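Structure first, commentary second.
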Amino acid sequence: MTSFSGKKLTCVRSGRIVFTSLNFMISQGEVLYLKGPNGSGKSTLLRLMAGILRPSNGALTWNNNDIHDDEGLFRSRVHYVGHQDAIKAGLTVEENIRFWVEMNYCMKEKYSIQTALKVFSLDNLSTLPARFLSAGQRKRLNLARLSATYAPLWLLDEPTNSLDSDSVRILSRAISDHQQNGGMVAIATHEDLDLKDNVLNLSEFTNLRAPPQGYNAW
Amino acid sequence: MPGKPLQVFISVIRRELLLAIRHGADSCMIVSFFLIVVILFLLGVGPEPGILSRISAGIIWVSALLSVMLSMDRLFQPDYEDGSLDLLILSSLPLELIVLAKIFSHWLTTGFPLIIISPLLALFLNMGTPGYSTLLIALVLGTPTLSLVGAIGAALILGARRSGVLLSVLILPLFIPIMIFGVSAVDAALTNVSSKPPLLMLGALLLTALVLCPWASAAALRQAAE
Amino acid sequence: MLDFLTSFMNMGGYGYYIWGAFGLSAFVLITLIIQSLKFLESSETQLHSLKEKEKNNET
Amino acid sequence: MFNYFANPFRFLRLTSKLQPITMLVALAAIGLGLFYALVESPPDYQQSETVRIMYVHVPAAWMAMFCYVTIACSSAVALIWRHMLANIIAKSTAPIGASFTFLALATGSLWGKPMWGAWWVWDARLTSMLILFFLYLGYIVLYNAFDDQSRGARAAAILSIVGVINIPIIKFSVDWWNTLHQPASVIKINGPTVHPSMLTPLMLMAVGYMALYFWLLFIRTRAELNINKVRKMLIQQTETH
């Protein structure tokens, strides 16, 4: 029963305390909703979970061993979808997704790129240079990475903005499929994807007046 | 099971070269800048062959330096702007090797064309014939070091205001040793003194840069993504 | 006394350079000291004014 | 040990005690040093009076090097243990180091005029000092080139470490360059043989400059910490309304 959890996480960004002593736990097959007003640190928490950011104190554990012990292993277990789509206009749709698949996994699962594009209904555009894609198509191409290669933990930062309604349906189906085969998802979104599992309300952790006394308070 | 590292390394290089070919204009721009700077020096100093041949090595090296430095900020800036930097940090290949791959492909698209065109410019500046071979060897050893050291500056200025000018203030002092040994190698060849010592020094600088620069650039990229 | 002063001042004909060097050093270091003290002063006044503002909109 | 000093409150209490002490030491040492330099010590047999410029030039050059190494060390501490205070110490050291480098250059050229007959001579030491001045400028410019202070601090910290690794390389390459292009006319003086009686003013001035550095460092660090506190309070005010 793999689980990904964070204990007493504190994050200070340029002198401002984003959140302090935050705990969360995601176990297999669960979705964690990050709720909270803008600027309450949803994106920061997701980047912290992905390992891009380091917490000022507190620890992130995967089956209660610290993720920073073996970062390479942890990175191979994570898919991170941020605000920006990481798509090169000069490359075609297929080349874009092929590159990100190669970056994480060996290429033996060639067929999975076609299925991933089919899942996100981009298969007819595979030879189109990415500069002609609309914002929604770019976001779907970015999301197609999720199902192209398997990674147990999905970290999705506002995946639904610039997506039309049936794309949102495609995404929620992909998430529930991922849950079925034992995946974990942490998602920050304002769209209700009727996948309510457990909700982490970030606003509880931001207005704690007592800043940590440590040297990082400055 | 993360991808085999060599495959991932090659796929980064392939993507960079693919992008460079798709936007073919960039490397031509660099080479034309290199030509123009040399011609500007020439017009400034005057066509008098005596003077030209003595300062030809210096002119070529300074122009090569400026061209490499000019092309540096396109190394990480596109990835920083479109969000690829986060995914590169999260890829299975360590960031240091990804940076090395990017620097190698950057050298292929900018340093290499400079080496190819430099004999023509040596001809313009009527450099002595013994100098040609040493100039090529020195540039082959020197331009990768320029790309490596320049990559640190390119990673440091991500997200800064006025990054173009800032890059030159940061990197040019670090380029000075490379230029000094490059020029002294060619001068030694012209005054038929053995040019082995400066070339060996260039080789030493290249090896140290090969080890230290990817590590420093990766550290700079990681803190840029924070 | 006077000729001691003049000979002291012209330093064997190199007076300009020596006094130039010492004068310039004094000038640069003193301006650095003054600027640092002013910087400290302005930072403290900003801090106090902010603390006052915070104190009286809490009362 | 670093954690103990890294807490800003302890650092502030410590410096408020040390600040007056360093000021007194600085004034006393420089005062005495000046007296010895200008009056007591004998003129050099070769350069006569101009050797007195050495008492201002050499300590400034030492301090220029010392400050850059201090910036690199405190930046390394800041990057490894993630202390913002070490960054602030590095940031406050930079302008002091830059002023000492400028002084070393200016007094060097003033010393060169009577001795070598030209205001600026591409002597190996002066050239590497000039490059060091550019490294300082690079650090200061990069530190302030970002809107987010902590981002600028980390970028400048990495630059200073890269810079300190490059200083010996630059020094070696400039010496090499200098021996290649050594114009015969410039008589190569590798500095006067330091006569014992010259040692006392030199050491006094060095101690004075060092104490002056620490005094200015404490002043500027306290000011930077205040500015940081002000910025934090402003940010918090924008949140609460």
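Following the order of the structure tokens, first chain is A, next is B, and so on, with residues numbered from 1 inside each chain and ligands from 1 in the order they appear.
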
Residues of chain D within 10 Å of chain C, counting only C-alpha atoms, what are they? List them as a short mmCIF file (atom, residue, chain, number, x, y, z; two decimals) with all heavy atoms, in the first residue's frame.
```
data_model
loop_
_atom_site.label_atom_id
_atom_site.label_comp_id
_atom_site.auth_asym_id
_atom_site.auth_seq_id
_atom_site.Cartn_x
_atom_site.Cartn_y
_atom_site.Cartn_z
N LEU D 34 49.21 56.10 9.94
CA LEU D 34 49.51 57.29 9.12
C LEU D 34 50.72 58.01 9.69
O LEU D 34 51.65 58.39 8.95
CB LEU D 34 48.29 58.22 9.13
CG LEU D 34 47.15 57.81 8.16
CD1 LEU D 34 46.00 58.80 8.27
CD2 LEU D 34 47.68 57.75 6.74
N LEU D 38 53.93 58.48 7.34
CA LEU D 38 54.30 59.77 6.74
C LEU D 38 55.52 60.37 7.41
O LEU D 38 56.32 61.04 6.76
CB LEU D 38 53.11 60.74 6.84
CG LEU D 38 51.95 60.33 5.93
CD1 LEU D 38 50.74 61.18 6.21
CD2 LEU D 38 52.37 60.43 4.47
N VAL D 39 55.67 60.11 8.70
CA VAL D 39 56.74 60.86 9.38
C VAL D 39 57.88 59.91 9.74
O VAL D 39 59.02 60.11 9.34
CB VAL D 39 56.16 61.52 10.67
CG1 VAL D 39 57.28 62.24 11.40
CG2 VAL D 39 55.02 62.46 10.30
N PRO D 43 62.61 57.26 3.89
CA PRO D 43 62.34 57.08 2.44
C PRO D 43 63.17 55.93 1.90
O PRO D 43 64.23 55.61 2.44
CB PRO D 43 62.79 58.42 1.83
CG PRO D 43 63.73 59.01 2.82
CD PRO D 43 63.30 58.49 4.18
N SER D 48 62.92 56.90 -3.04
CA SER D 48 62.76 58.05 -2.11
C SER D 48 61.36 58.09 -1.53
O SER D 48 60.83 57.08 -1.12
CB SER D 48 63.10 59.35 -2.84
OG SER D 48 62.01 59.72 -3.64
N GLU D 49 60.67 59.20 -1.59
CA GLU D 49 59.44 59.38 -0.80
C GLU D 49 58.27 58.56 -1.37
O GLU D 49 57.36 58.19 -0.65
CB GLU D 49 59.05 60.86 -0.80
CG GLU D 49 60.12 61.79 -0.20
CD GLU D 49 60.33 61.52 1.29
OE1 GLU D 49 59.39 60.92 1.88
OE2 GLU D 49 61.40 61.83 1.82
N THR D 50 58.30 58.29 -2.68
CA THR D 50 57.06 57.72 -3.25
C THR D 50 56.72 56.37 -2.62
O THR D 50 55.60 55.90 -2.71
CB THR D 50 57.25 57.48 -4.76
OG1 THR D 50 58.37 56.58 -4.90
CG2 THR D 50 57.49 58.75 -5.50
N VAL D 51 57.69 55.75 -1.94
CA VAL D 51 57.39 54.43 -1.36
C VAL D 51 56.26 54.56 -0.34
O VAL D 51 55.57 53.60 -0.05
CB VAL D 51 58.67 53.85 -0.72
CG1 VAL D 51 58.89 54.45 0.66
CG2 VAL D 51 58.59 52.35 -0.67
N ARG D 52 56.04 55.75 0.18
CA ARG D 52 54.99 55.91 1.20
C ARG D 52 53.61 55.54 0.64
O ARG D 52 52.72 55.12 1.36
CB ARG D 52 54.98 57.36 1.70
CG ARG D 52 56.30 57.75 2.38
CD ARG D 52 56.24 59.11 3.00
NE ARG D 52 57.56 59.61 3.36
CZ ARG D 52 58.28 59.16 4.38
NH1 ARG D 52 57.79 58.16 5.12
NH2 ARG D 52 59.46 59.66 4.64
N ILE D 53 53.46 55.64 -0.68
CA ILE D 53 52.15 55.27 -1.24
C ILE D 53 51.88 53.79 -0.98
O ILE D 53 50.74 53.34 -0.84
CB ILE D 53 52.12 55.57 -2.76
CG1 ILE D 53 52.35 57.07 -3.00
CG2 ILE D 53 50.82 55.13 -3.39
CD1 ILE D 53 52.33 57.47 -4.44
N MET D 54 52.99 53.02 -0.82
CA MET D 54 52.82 51.58 -0.58
C MET D 54 51.94 51.36 0.65
O MET D 54 51.12 50.45 0.69
CB MET D 54 54.19 50.95 -0.36
CG MET D 54 54.14 49.51 0.10
SD MET D 54 55.78 48.85 0.37
CE MET D 54 56.19 49.61 1.95
N TYR D 55 52.05 52.23 1.67
CA TYR D 55 51.32 52.00 2.92
C TYR D 55 49.81 52.12 2.72
O TYR D 55 49.04 51.69 3.54
CB TYR D 55 51.79 52.99 4.00
CG TYR D 55 53.25 52.91 4.26
CD1 TYR D 55 54.05 54.05 4.24
CD2 TYR D 55 53.87 51.69 4.50
CE1 TYR D 55 55.41 53.96 4.47
CE2 TYR D 55 55.22 51.60 4.73
CZ TYR D 55 56.00 52.74 4.71
OH TYR D 55 57.34 52.66 4.94
N VAL D 56 49.43 52.74 1.60
CA VAL D 56 47.99 52.85 1.34
C VAL D 56 47.61 51.81 0.28
O VAL D 56 46.54 51.20 0.30
CB VAL D 56 47.67 54.28 0.83
CG1 VAL D 56 46.21 54.37 0.48
CG2 VAL D 56 48.03 55.29 1.88
N HIS D 57 48.54 51.58 -0.68
CA HIS D 57 48.20 50.70 -1.82
C HIS D 57 48.13 49.24 -1.37
O HIS D 57 47.14 48.54 -1.63
CB HIS D 57 49.26 50.87 -2.91
CG HIS D 57 49.12 49.90 -4.04
ND1 HIS D 57 48.06 49.95 -4.93
CD2 HIS D 57 49.86 48.83 -4.41
CE1 HIS D 57 48.17 48.97 -5.80
NE2 HIS D 57 49.25 48.27 -5.51
N ALA D 60 45.15 48.13 0.80
CA ALA D 60 43.89 48.13 0.01
C ALA D 60 43.84 46.89 -0.88
O ALA D 60 42.81 46.22 -0.99
CB ALA D 60 43.83 49.40 -0.84
N SER D 92 26.61 42.89 2.02
CA SER D 92 27.17 44.11 2.62
C SER D 92 28.67 44.20 2.35
O SER D 92 29.21 45.29 2.27
CB SER D 92 26.94 44.08 4.13
OG SER D 92 25.73 43.48 4.43
N PRO D 95 30.12 46.10 -1.57
CA PRO D 95 30.53 47.49 -1.86
C PRO D 95 31.83 47.86 -1.16
O PRO D 95 32.65 48.59 -1.72
CB PRO D 95 29.35 48.32 -1.35
CG PRO D 95 28.46 47.42 -0.62
CD PRO D 95 28.79 46.03 -0.98
N ILE D 96 32.05 47.32 0.07
CA ILE D 96 33.30 47.65 0.77
C ILE D 96 34.48 47.11 -0.03
O ILE D 96 35.46 47.81 -0.30
CB ILE D 96 33.27 47.03 2.20
CG1 ILE D 96 32.00 47.44 2.94
CG2 ILE D 96 34.50 47.41 2.97
CD1 ILE D 96 31.78 46.72 4.25
N SER D 99 35.14 49.16 -3.07
CA SER D 99 35.84 50.42 -2.80
C SER D 99 37.33 50.16 -2.57
O SER D 99 38.19 50.87 -3.09
CB SER D 99 35.25 51.09 -1.55
OG SER D 99 33.86 50.93 -1.51
N PHE D 100 37.65 49.11 -1.82
CA PHE D 100 39.08 48.81 -1.59
C PHE D 100 39.76 48.50 -2.93
O PHE D 100 40.90 48.93 -3.18
CB PHE D 100 39.23 47.62 -0.64
CG PHE D 100 39.09 47.98 0.80
CD1 PHE D 100 38.23 47.29 1.64
CD2 PHE D 100 39.82 49.04 1.33
CE1 PHE D 100 38.11 47.62 2.99
CE2 PHE D 100 39.70 49.38 2.67
CZ PHE D 100 38.83 48.69 3.49
N PHE D 102 38.94 49.64 -5.88
CA PHE D 102 39.11 50.90 -6.61
C PHE D 102 40.30 51.67 -6.03
O PHE D 102 41.15 52.19 -6.75
CB PHE D 102 37.83 51.73 -6.49
CG PHE D 102 38.00 53.13 -7.00
CD1 PHE D 102 38.05 53.38 -8.36
CD2 PHE D 102 38.15 54.19 -6.10
CE1 PHE D 102 38.26 54.67 -8.84
CE2 PHE D 102 38.35 55.48 -6.57
CZ PHE D 102 38.41 55.72 -7.93
N LEU D 103 40.40 51.66 -4.68
CA LEU D 103 41.51 52.37 -4.03
C LEU D 103 42.85 51.76 -4.46
O LEU D 103 43.80 52.48 -4.80
CB LEU D 103 41.36 52.28 -2.52
CG LEU D 103 40.50 53.36 -1.87
CD1 LEU D 103 40.56 53.23 -0.35
CD2 LEU D 103 40.99 54.74 -2.29
N ALA D 104 42.88 50.41 -4.47
CA ALA D 104 44.14 49.75 -4.85
C ALA D 104 44.53 50.18 -6.27
O ALA D 104 45.70 50.51 -6.54
CB ALA D 104 43.96 48.24 -4.78
N ALA D 106 43.58 52.97 -7.92
CA ALA D 106 43.90 54.40 -8.01
C ALA D 106 45.29 54.66 -7.41
O ALA D 106 46.16 55.27 -8.04
CB ALA D 106 42.84 55.20 -7.27
N THR D 107 45.53 54.14 -6.20
CA THR D 107 46.85 54.40 -5.59
C THR D 107 47.94 53.70 -6.40
O THR D 107 49.06 54.20 -6.52
CB THR D 107 46.86 53.86 -4.14
OG1 THR D 107 46.36 52.52 -4.18
CG2 THR D 107 46.01 54.70 -3.24
N GLY D 108 47.61 52.55 -7.01
CA GLY D 108 48.61 51.86 -7.84
C GLY D 108 49.03 52.73 -9.01
O GLY D 108 50.23 52.90 -9.29
N SER D 109 48.04 53.36 -9.64
CA SER D 109 48.41 54.19 -10.80
C SER D 109 49.13 55.44 -10.33
O SER D 109 50.10 55.89 -10.96
CB SER D 109 47.16 54.55 -11.61
OG SER D 109 46.64 55.76 -11.15
N LEU D 110 48.74 55.99 -9.16
CA LEU D 110 49.46 57.16 -8.62
C LEU D 110 50.91 56.79 -8.29
O LEU D 110 51.83 57.58 -8.43
CB LEU D 110 48.74 57.65 -7.36
CG LEU D 110 47.59 58.65 -7.60
CD1 LEU D 110 46.81 58.87 -6.32
CD2 LEU D 110 48.15 59.96 -8.12
N TRP D 111 51.11 55.58 -7.85
CA TRP D 111 52.45 55.11 -7.52
C TRP D 111 53.23 54.85 -8.81
O TRP D 111 54.44 55.09 -8.89
CB TRP D 111 52.32 53.81 -6.72
CG TRP D 111 53.57 53.38 -6.01
CD1 TRP D 111 54.72 54.08 -5.89
CD2 TRP D 111 53.75 52.13 -5.34
NE1 TRP D 111 55.61 53.36 -5.17
CE2 TRP D 111 55.06 52.15 -4.80
CE3 TRP D 111 52.95 51.02 -5.12
CZ2 TRP D 111 55.57 51.09 -4.06
CZ3 TRP D 111 53.47 49.98 -4.38
CH2 TRP D 111 54.78 50.01 -3.86
N GLY D 112 52.52 54.42 -9.86
CA GLY D 112 53.19 54.07 -11.11
C GLY D 112 53.75 55.30 -11.82
O GLY D 112 54.80 55.23 -12.45
N LYS D 113 53.03 56.43 -11.68
CA LYS D 113 53.44 57.62 -12.44
C LYS D 113 54.88 58.01 -12.12
O LYS D 113 55.73 58.00 -13.01
CB LYS D 113 52.48 58.77 -12.13
CG LYS D 113 52.85 60.07 -12.85
CD LYS D 113 52.57 59.99 -14.35
CE LYS D 113 52.81 61.31 -15.04
NZ LYS D 113 53.88 61.27 -16.05
N PRO D 114 55.24 58.28 -10.83
CA PRO D 114 56.64 58.66 -10.60
C PRO D 114 57.60 57.52 -10.90
O PRO D 114 58.69 57.70 -11.39
CB PRO D 114 56.67 59.04 -9.12
CG PRO D 114 55.46 58.42 -8.52
CD PRO D 114 54.46 58.27 -9.61
N TYR D 209 42.73 48.85 8.31
CA TYR D 209 41.76 48.62 7.23
C TYR D 209 40.85 47.44 7.57
O TYR D 209 39.65 47.47 7.32
CB TYR D 209 42.53 48.32 5.92
CG TYR D 209 42.88 49.56 5.11
CD1 TYR D 209 42.99 50.81 5.72
CD2 TYR D 209 43.11 49.49 3.75
CE1 TYR D 209 43.31 51.93 4.99
CE2 TYR D 209 43.45 50.61 3.00
CZ TYR D 209 43.54 51.83 3.64
OH TYR D 209 43.85 52.95 2.92
N LEU D 212 38.36 48.56 10.01
CA LEU D 212 37.40 49.44 9.30
C LEU D 212 36.40 48.57 8.54
O LEU D 212 35.19 48.82 8.57
CB LEU D 212 38.18 50.34 8.33
CG LEU D 212 37.35 51.35 7.54
CD1 LEU D 212 36.75 52.39 8.48
CD2 LEU D 212 38.20 52.03 6.48
N TYR D 213 36.89 47.51 7.89
CA TYR D 213 36.01 46.60 7.14
C TYR D 213 34.94 46.03 8.06
O TYR D 213 33.74 46.08 7.78
CB TYR D 213 36.82 45.49 6.48
CG TYR D 213 35.98 44.27 6.13
CD1 TYR D 213 35.01 44.33 5.13
CD2 TYR D 213 36.11 43.09 6.84
CE1 TYR D 213 34.21 43.25 4.83
CE2 TYR D 213 35.32 42.00 6.56
CZ TYR D 213 34.37 42.07 5.56
OH TYR D 213 33.58 40.99 5.29
N TRP D 215 33.88 47.11 10.92
CA TRP D 215 32.97 48.15 11.42
C TRP D 215 31.90 48.45 10.35
O TRP D 215 30.70 48.41 10.61
CB TRP D 215 33.80 49.40 11.74
CG TRP D 215 32.97 50.56 12.21
CD1 TRP D 215 31.85 50.48 12.99
CD2 TRP D 215 33.18 51.94 11.90
NE1 TRP D 215 31.35 51.72 13.20
CE2 TRP D 215 32.14 52.65 12.55
CE3 TRP D 215 34.13 52.65 11.19
CZ2 TRP D 215 32.04 54.03 12.49
CZ3 TRP D 215 34.01 54.03 11.13
CH2 TRP D 215 32.98 54.70 11.76
N LEU D 216 32.36 48.66 9.11
CA LEU D 216 31.40 48.97 8.03
C LEU D 216 30.49 47.77 7.79
O LEU D 216 29.29 47.92 7.53
CB LEU D 216 32.17 49.31 6.75
CG LEU D 216 32.91 50.65 6.76
CD1 LEU D 216 33.76 50.80 5.51
CD2 LEU D 216 31.91 51.78 6.85
N LEU D 217 31.07 46.57 7.91
CA LEU D 217 30.23 45.37 7.68
C LEU D 217 29.09 45.33 8.68
O LEU D 217 27.93 45.11 8.31
CB LEU D 217 31.10 44.12 7.81
CG LEU D 217 30.36 42.78 7.70
CD1 LEU D 217 29.86 42.56 6.28
CD2 LEU D 217 31.25 41.63 8.13
N PHE D 218 29.41 45.58 9.96
CA PHE D 218 28.34 45.52 10.99
C PHE D 218 27.29 46.58 10.71
O PHE D 218 26.08 46.32 10.75
CB PHE D 218 28.95 45.71 12.39
CG PHE D 218 29.85 44.59 12.79
CD1 PHE D 218 30.99 44.83 13.55
CD2 PHE D 218 29.59 43.30 12.37
CE1 PHE D 218 31.82 43.79 13.91
CE2 PHE D 218 30.43 42.25 12.72
CZ PHE D 218 31.55 42.50 13.50
N ILE D 219 27.75 47.79 10.34
CA ILE D 219 26.76 48.85 10.06
C ILE D 219 25.85 48.42 8.92
O ILE D 219 24.62 48.41 9.03
CB ILE D 219 27.49 50.17 9.68
CG1 ILE D 219 28.32 50.69 10.84
CG2 ILE D 219 26.48 51.20 9.23
CD1 ILE D 219 29.14 51.93 10.48
N ARG D 220 26.46 48.00 7.81
CA ARG D 220 25.63 47.71 6.61
C ARG D 220 24.76 46.50 6.85
O ARG D 220 23.61 46.45 6.38
CB ARG D 220 26.55 47.49 5.41
CG ARG D 220 27.39 48.71 5.03
CD ARG D 220 28.11 48.49 3.72
NE ARG D 220 27.19 48.64 2.60
CZ ARG D 220 26.99 49.79 1.97
NH1 ARG D 220 27.62 50.87 2.38
NH2 ARG D 220 26.16 49.86 0.96
N THR D 221 25.26 45.50 7.61
CA THR D 221 24.42 44.30 7.82
C THR D 221 23.21 44.67 8.66
O THR D 221 22.10 44.23 8.37
CB THR D 221 25.27 43.23 8.55
OG1 THR D 221 26.52 43.17 7.91
CG2 THR D 221 24.59 41.90 8.49
N ARG D 222 23.43 45.51 9.68
CA ARG D 222 22.26 45.91 10.50
C ARG D 222 21.27 46.65 9.61
O ARG D 222 20.06 46.43 9.67
CB ARG D 222 22.72 46.82 11.65
CG ARG D 222 23.52 46.11 12.71
CD ARG D 222 24.25 47.11 13.56
NE ARG D 222 23.30 47.91 14.32
CZ ARG D 222 22.85 47.53 15.51
NH1 ARG D 222 23.24 46.37 16.01
NH2 ARG D 222 22.01 48.28 16.17
N ALA D 223 21.78 47.51 8.72
CA ALA D 223 20.87 48.27 7.86
C ALA D 223 20.11 47.31 6.95
O ALA D 223 18.88 47.41 6.80
CB ALA D 223 21.67 49.27 7.04
N GLU D 224 20.82 46.34 6.35
CA GLU D 224 20.14 45.40 5.44
C GLU D 224 19.08 44.60 6.20
O GLU D 224 17.98 44.37 5.70
CB GLU D 224 21.16 44.42 4.83
CG GLU D 224 22.23 45.06 3.95
CD GLU D 224 21.69 45.40 2.57
OE1 GLU D 224 20.53 44.98 2.28
OE2 GLU D 224 22.38 46.09 1.80
N LEU D 225 19.41 44.20 7.45
CA LEU D 225 18.41 43.42 8.22
C LEU D 225 17.19 44.29 8.49
O LEU D 225 16.04 43.82 8.36
CB LEU D 225 19.03 42.94 9.53
CG LEU D 225 20.06 41.81 9.40
CD1 LEU D 225 20.70 41.50 10.73
CD2 LEU D 225 19.42 40.57 8.82
N ASN D 226 17.42 45.58 8.78
CA ASN D 226 16.26 46.45 8.98
C ASN D 226 15.42 46.53 7.72
O ASN D 226 14.19 46.40 7.74
CB ASN D 226 16.72 47.87 9.37
CG ASN D 226 17.35 47.86 10.75
OD1 ASN D 226 17.11 46.92 11.52
ND2 ASN D 226 18.18 48.83 11.04
N ILE D 227 16.10 46.71 6.57
CA ILE D 227 15.35 46.84 5.29
C ILE D 227 14.55 45.56 5.05
O ILE D 227 13.37 45.59 4.65
CB ILE D 227 16.34 47.07 4.13
CG1 ILE D 227 17.12 48.36 4.31
CG2 ILE D 227 15.61 47.06 2.78
CD1 ILE D 227 16.34 49.61 4.01
N ASN D 228 15.18 44.41 5.36
CA ASN D 228 14.44 43.14 5.18
C ASN D 228 13.20 43.11 6.04
O ASN D 228 12.11 42.74 5.59
CB ASN D 228 15.36 41.97 5.58
CG ASN D 228 15.83 41.23 4.35
OD1 ASN D 228 15.52 41.64 3.23
ND2 ASN D 228 16.55 40.16 4.54
N LYS D 229 13.38 43.55 7.30
CA LYS D 229 12.24 43.53 8.24
C LYS D 229 11.15 44.45 7.69
O LYS D 229 9.96 44.08 7.66
CB LYS D 229 12.73 44.05 9.60
CG LYS D 229 11.77 43.77 10.75
CD LYS D 229 11.95 42.35 11.27
CE LYS D 229 10.92 42.04 12.36
NZ LYS D 229 9.56 41.86 11.78
N VAL D 230 11.54 45.64 7.19
CA VAL D 230 10.55 46.58 6.65
C VAL D 230 9.82 45.92 5.48
O VAL D 230 8.59 45.92 5.43
CB VAL D 230 11.27 47.88 6.17
CG1 VAL D 230 10.39 48.68 5.24
CG2 VAL D 230 11.74 48.69 7.35
N ARG D 231 10.56 45.27 4.61
CA ARG D 231 9.92 44.66 3.43
C ARG D 231 8.94 43.58 3.88
O ARG D 231 7.82 43.48 3.40
CB ARG D 231 11.00 44.04 2.53
CG ARG D 231 10.47 43.61 1.17
CD ARG D 231 11.57 43.07 0.29
NE ARG D 231 12.62 44.03 0.05
CZ ARG D 231 13.89 43.81 0.40
NH1 ARG D 231 14.22 42.68 1.00
NH2 ARG D 231 14.82 44.71 0.15
N MET D 233 7.32 43.41 6.72
CA MET D 233 6.11 44.00 7.34
C MET D 233 5.20 44.56 6.25
O MET D 233 3.99 44.40 6.31
CB MET D 233 6.52 45.09 8.34
CG MET D 233 7.13 44.53 9.60
SD MET D 233 8.07 45.77 10.47
CE MET D 233 6.75 46.53 11.39
N LEU D 234 5.80 45.17 5.21
CA LEU D 234 4.96 45.72 4.13
C LEU D 234 4.17 44.59 3.47
O LEU D 234 2.97 44.69 3.24
CB LEU D 234 5.84 46.43 3.09
CG LEU D 234 6.40 47.79 3.53
CD1 LEU D 234 7.30 48.36 2.45
CD2 LEU D 234 5.25 48.75 3.83
N GLN D 237 1.42 43.53 5.63
CA GLN D 237 0.30 44.49 5.66
C GLN D 237 -0.57 44.29 4.42
O GLN D 237 -1.79 44.27 4.52
CB GLN D 237 0.86 45.92 5.69
CG GLN D 237 0.98 46.44 7.10
CD GLN D 237 1.79 47.72 7.13
OE1 GLN D 237 2.13 48.24 6.06
NE2 GLN D 237 2.15 48.18 8.31
#
```

Pick from D:Ser41, D:Ser160, D:Asn87, D:Ser197, whichever lies nearest to chain B using only C-alpha atoms: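 Smallest distance to chain B is found for D:Ser160.
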
Tell me, as an MDAnalysis selection string, which residues lie within 12 Å of Ile187 of chain A, counting only C-alpha atoms; anything in the same chain fewer than 2 positions away does not count. chainID A and resid 26 30:35 42:43 45:47 49 79:82 153:160 171:172 175 184:185 189:193 195:200

Which of these residues is nearest to Leu40 of chain B, using only C-alpha atoms: B:Leu206, B:Leu114, B:Leu6, B:Leu125? B:Leu125

What are the closest atom pairs, with distances in Å to one decimal, for each residue of chain D lying within 9 Å of chain A, using only C-alpha atoms, rows by chain and rising residue number, as a Markdown table?
```
| residue | atom | partner | partner_atom | distance |
| --- | --- | --- | --- | --- |
| D:Asn3 | CA | A:Tyr215 | CA | 7.9 |
| D:Ala6 | CA | A:Tyr215 | CA | 6.1 |
| D:Asn7 | CA | A:Tyr215 | CA | 4.9 |
| D:Pro8 | CA | A:Tyr215 | CA | 6.8 |
| D:Arg82 | CA | A:Asn216 | CA | 7.9 |
| D:His83 | CA | A:Asn216 | CA | 6.6 |
| D:Met84 | CA | A:Trp218 | CA | 6.8 |
| D:Leu85 | CA | A:Trp218 | CA | 7.9 |
| D:Asp148 | CA | A:Ser14 | CA | 6.5 |
| D:Gln149 | CA | A:Ser14 | CA | 6.6 |
| D:Ser150 | CA | A:Ser14 | CA | 5.4 |
| D:Arg151 | CA | A:Ser14 | CA | 7.7 |
| D:Leu225 | CA | A:Trp218 | CA | 8.3 |
| D:Asn228 | CA | A:Trp218 | CA | 7.2 |
| D:Lys229 | CA | A:Trp218 | CA | 7.4 |
| D:Arg231 | CA | A:Gly15 | CA | 8.5 |
| D:Lys232 | CA | A:Gly15 | CA | 6.3 |
| D:Ile235 | CA | A:Arg16 | CA | 7.4 |
| D:Gln236 | CA | A:Arg16 | CA | 7.8 |
```

Give me, as a ChimeraX atom specification, the contact residues of chain D against chain B at a cut-off of 6 Å, counting only C-alpha atoms. /D:138,145-146,155,170,173

Please, which residues in chain B fall within 6 Å of chain A when counting only C-alpha atoms, and what is the closest atom pair and distance in Å to one decimal for each, ordered by chain then residue number, as a tab-separated table?
```
residue	atom	partner	partner_atom	distance
B:Pro2	CA	A:Tyr105	CA	4.9
B:Gly3	CA	A:Cys106	CA	3.9
B:Val8	CA	A:Met103	CA	5.6
B:Asp82	CA	A:Ala86	CA	5.0
B:Gly83	CA	A:Ala86	CA	4.7
B:Ser84	CA	A:Ala86	CA	4.4
B:Leu90	CA	A:Arg75	CA	5.5
B:Ser91	CA	A:Asn104	CA	5.6
B:Ser92	CA	A:Asn104	CA	5.3
B:Glu226	CA	A:Leu53	CA	5.4
```

Spatial neighbours of Met203 of chain D, max dist 10 Å, only C-alpha atoms, sep filter under 4 positions, as number ranges by chain: D: 29-30, 33, 55, 59, 198-199, 207-209

Output of the above residues as a short mmCIF file (atom, residue, chain, number, x, y, z; two decimals), in the first residue's frame, restricted to C-alpha atoms:
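So the final result, stored in again.cif, reads:
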```
data_model
loop_
_atom_site.label_atom_id
_atom_site.label_comp_id
_atom_site.auth_asym_id
_atom_site.auth_seq_id
_atom_site.Cartn_x
_atom_site.Cartn_y
_atom_site.Cartn_z
CA ALA D 29 45.40 51.77 14.02
CA ILE D 30 44.96 54.00 10.96
CA GLY D 33 49.78 53.93 10.90
CA TYR D 55 51.32 52.00 2.92
CA PRO D 59 46.63 47.16 2.49
CA MET D 198 58.57 50.00 6.98
CA LEU D 199 56.87 46.89 8.34
CA VAL D 207 45.03 46.11 10.89
CA GLY D 208 43.32 49.49 10.60
CA TYR D 209 41.76 48.62 7.23
#
```
